[in-house]
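Asker: Okay, handing you the structure first.
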Amino acid sequence: MDSEACQRGFYRHSLETKHCLKCPPNSLSNESGATSCSCNAGFYRAPSEGQNIACTRPPSAPRNVSFSLIGTQLSLWWQPPSDHGGRKDVTYTVFCHRCHFLSCEPCEAGVVFSPSASGLTKPAVDVDGLEAYTNYTFAVEAHNGVSGMGPAPQRTAPAVWVAVGHAAPVTVSQFILTQRDDSSLSVSWLAPRQRSRTSVEYEVMFFEKGEEARYTVKHLLEPNVTLTDLQPDTAYLLRVRSITPLGPGPYSPDQEFRTLPPDTGALSGGVIVSIIFGVLLFIGLLMGLLIFRRKQARRRQARPDYNTSGFDREKVWLKPYVDLQPYDDPSRGVLEFTKELDVSCVTMENVIGEGEFGEVYRGSLRLPGKERIVVAIKTLKSTYSDSQWWNFLREATIMGQFNHPNIVRLEGVVTKRRPMMIITEYMENGALDTFLRENEEKFSPVQLVSMLQGIASGMTYLSEHNYVHRDLAARNILVTRSLQCKVSDFGLSRILENDAEGTYETKGGKIPIRWTAPEAIAHRIFTSASDVWSFGIVMWEVLSFGDKPYGGMTNQE
Ligand code: 30K
């Protein structure tokens, strides 16, 4: 076979190949008679790529990393690199560091990226599990099939600095048994780094090992606890979570501690005398206390007082609501506080409005053995994103834990079929803002104030359960036939999306500016106090029959 040597820039695949082939892009053959073309400097072929494939190079760095932080959820997104290196297989890796002054260390396992921290095909990621009062930086790298063959990939500068304020409940770690005897255990744990000590409290749950159903909960202001009246020589399990103004964080893993065996040594005469003396002293004290309390009770009866005296400085502690965060699989968390309904019990009739994640329908619910009731059905549109799915389940979980006449009641959820549904009570007069606008001047001041009283009552209930609403506004209040007002719209991250009218608008994450307290706008410090500010705006909305707050001004002003 006559096979001429190929010229420069051409190659012959094998000696049997008759024709010379042009070197693929970004490659060159230097000597004549080449059977392959080597890649130009800075260009590579992936191991699986043959000689006929163009040489490519690693991508440049991603551009313009942006973020929004709402509650515990940080969303990061960026623009793809300007140079993909001639390939289509670009993926991204996100690097997270937590920083204290200028020293930074990689984030711990508690920081969760979804869908993941590496191998991302879309230029966005959600980050959860950030600790309060902590600074974080994030950087993004782009990779493709030839990354790793040349110099280290270009990473964006640590573009995003995020200071997580009150937003995220903190996690608790590193338990130390500080003292124990046959009936008590003293345990302390590491207080998370924080700016203000006063805004973190702790909840300890403990029980005898194997007796989880009989647990005790204690509420503490300091990162330590002494458990008393325990059984000797018995193992106890203890779990702790922190509570910030936003609500409780996830529970720590169970910590096991054992009380000492009882002291069985023979009692000496001296010890017996001391015990008798101690018992007599105790009886004396007890009698004194009884007499004192009876006198006090008599005094209280004579002068009834709203504040039960003696207890007025103590906070009434109600069970805080539980968020979805502690659950690895949110759809499992939902089922703890909601009822999964069979779709065959649910009938959807007509659309009554727009929810954050899809349409809201009027419909009916017929549970076996119960009367048919009219309900509202919030649906999750089929094109939902991960964060919409999360927030949808979150709203149901939160709503399912509340039971109050001024909070919209959850009837159940459908999560096993599509579309997913949240089924709640039907409110005949719809949202308060439109209802008032459509009925201008039709209600007396007494009726209006009674609506506000209902809202205040619902909000008091929420704050007693450590829930901060963050989006209290007349549009999120629903009205019954008898003009009773109920608070709705739980699960705050929803306010990021679907905001055509610019109600939720600020730099960074979106906030309902006109309804939000200054410290929440400026520093994202959302507390029950900032909910009270929003209540003030709602008072104004109601008494003006649904006017827009600061109507003549732009959001900027
Ligand atoms: O009956 C209803 N029960 C509900 C339960 C309704 C709405 C929600 N959630 C929405 C609350 C407002 N928020 C605004 C950002 C979106 C989620 C939960 C509910 C409605 C209703 C549906 C969608 C938007 C607002 C309200 C309802 N609309 C009605 C209109 C109505 N009920 C009854 C009559 C009516 O006539 C016009």
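If you're wondering about the labels, chains in the structure tokens are A, B, ... by order shown, residues count from 1 in each chain, ligands from 1 in order shown.
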Given a cut-off of 9 Å, what residues near ligand 1 show up using only C-alpha atoms and all ligand atoms, put as JSON, numbers by chain?

Answerer: {"A": [351, 352, 353, 354, 355, 356, 357, 359, 360, 361, 362, 375, 376, 377, 378, 408, 409, 410, 422, 423, 424, 425, 426, 427, 428, 429, 430, 431, 432, 434, 435, 474, 475, 476, 477, 478, 479, 480, 487, 488, 489, 494, 495]}

Asker: Neighbours of Arg63 in chain A within 7 Å (only C-alpha atoms; same-chain residues fewer than 6 positions away dropped), as a list in words?

Answerer: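 Here the answer would be Trp78, Gln79, Pro80 and Pro81 of chain A.
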
Asker: Would you write out those residues with N, CA and C atoms, as an mmCIF file, in the first residue's frame?

Answerer:
```
data_model
loop_
_atom_site.group_PDB
_atom_site.id
_atom_site.type_symbol
_atom_site.label_atom_id
_atom_site.label_comp_id
_atom_site.auth_asym_id
_atom_site.auth_seq_id
_atom_site.Cartn_x
_atom_site.Cartn_y
_atom_site.Cartn_z
ATOM 1 N N TRP A 78 -24.594 31.721 40.612
ATOM 2 C CA TRP A 78 -23.504 32.391 39.916
ATOM 3 C C TRP A 78 -23.699 32.253 38.415
ATOM 4 N N GLN A 79 -22.864 32.990 37.677
ATOM 5 C CA GLN A 79 -22.935 32.867 36.229
ATOM 6 C C GLN A 79 -21.876 31.879 35.762
ATOM 7 N N PRO A 80 -22.196 31.111 34.723
ATOM 8 C CA PRO A 80 -21.239 30.127 34.224
ATOM 9 C C PRO A 80 -19.954 30.817 33.798
ATOM 10 N N PRO A 81 -18.834 30.084 33.701
ATOM 11 C CA PRO A 81 -17.567 30.695 33.294
ATOM 12 C C PRO A 81 -17.681 31.268 31.888
#
```

Asker: Write out as number ranges by chain each polymer residue whose atoms come within 6 Å of Gly9 in chain A, counting only C-alpha atoms; drop sequence neighbours fewer than 2 positions from it.

Answerer: A: 23, 28-29

Asker: Could you go through range 307-538 of chain A and tell me which residues DSSP, when run on the backbone, assigns to strand (DSSP E or B), listing them as a PyMOL selection string?

Answerer: chain A and resi 340+346-354+359-365+373-379+407+410-414+421-425+431+477-479+485-487+504+512

Asker: Interatomic distance between CA of Asp386 in chain A and CA of Val125 in chain A?

Answerer: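 Between CA of Asp386 in chain A and CA of Val125 in chain A the gap is 10.1 Å.
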
Asker: Between CA of Leu15 in chain A and CA of Asn40 in chain A, measure the distance and give it in Å to one decimal.

Answerer: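 Answer for the CA of Leu15 in chain A to CA of Asn40 in chain A separation: 23.7 Å.
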
Asker: Find the distance between CA of Phe526 in chain A and CA of Ile398 in chain A and write it in Å to one decimal.

Answerer: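 One can read the CA of Phe526 in chain A to CA of Ile398 in chain A distance as 17.3 Å.
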
Asker: Please determine, counting only C-alpha atoms, which residue among A:Val200, A:Leu220, A:Asn144, A:Met149 has the shortest atom-to-atom distance to Pro47 in chain A.

Answerer: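 That would be A:Met149, the residue with the smallest distance to Pro47 in chain A.
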
Asker: Extract, using only C-alpha atoms, all DNA, RNA and protein residues at most 8 Å from Leu230 in chain A, discarding same-chain residues fewer than 6 positions from it, and format them as an MDAnalysis selection string.

Answerer: chainID A and resid 182:184 259

Asker: Mind writing the picked residues with N, CA, C and O atoms as an mmCIF file, in the first residue's frame?

Answerer:
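again_10.cif written:
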```
data_model
loop_
_atom_site.group_PDB
_atom_site.id
_atom_site.type_symbol
_atom_site.label_atom_id
_atom_site.label_comp_id
_atom_site.auth_asym_id
_atom_site.auth_seq_id
_atom_site.Cartn_x
_atom_site.Cartn_y
_atom_site.Cartn_z
ATOM 1 N N ASP A 182 -25.313 9.021 93.066
ATOM 2 C CA ASP A 182 -26.275 7.945 92.791
ATOM 3 C C ASP A 182 -27.651 8.465 92.386
ATOM 4 O O ASP A 182 -28.510 7.698 91.974
ATOM 5 N N SER A 183 -27.890 9.788 92.491
ATOM 6 C CA SER A 183 -29.220 10.261 92.116
ATOM 7 C C SER A 183 -29.180 11.515 91.244
ATOM 8 O O SER A 183 -30.204 12.096 90.957
ATOM 9 N N SER A 184 -27.983 11.942 90.857
ATOM 10 C CA SER A 184 -27.953 13.141 90.017
ATOM 11 C C SER A 184 -26.790 13.094 89.020
ATOM 12 O O SER A 184 -25.805 12.390 89.229
ATOM 13 N N THR A 259 -25.810 6.975 86.378
ATOM 14 C CA THR A 259 -25.683 7.391 87.780
ATOM 15 C C THR A 259 -24.848 6.354 88.523
ATOM 16 O O THR A 259 -24.750 5.209 88.087
#
```

Asker: Which of range 374-425 of chain A counts as helix (DSSP H, G or I) under DSSP, as a list in words please?

Answerer: Asp386, Ser387, Gln388, Trp389, Trp390, Asn391, Phe392, Leu393, Arg394, Glu395, Ala396, Thr397, Ile398, Met399 and Gly400 of chain A

Asker: Would you tabulate, counting only C-alpha atoms, all residues of range 397-431 of chain A that have an atom at most 7 Å from an atom of range 341-347 of chain A, showing the closest pair of atoms and their distance in Å to one decimal, sorted by chain then ascending number, as CSV?

Answerer:
```
residue,atom,partner,partner_atom,distance
A:Gly412,CA,A:Leu341,CA,6.0
A:Val413,CA,A:Leu341,CA,5.8
A:Val414,CA,A:Leu341,CA,5.5
```
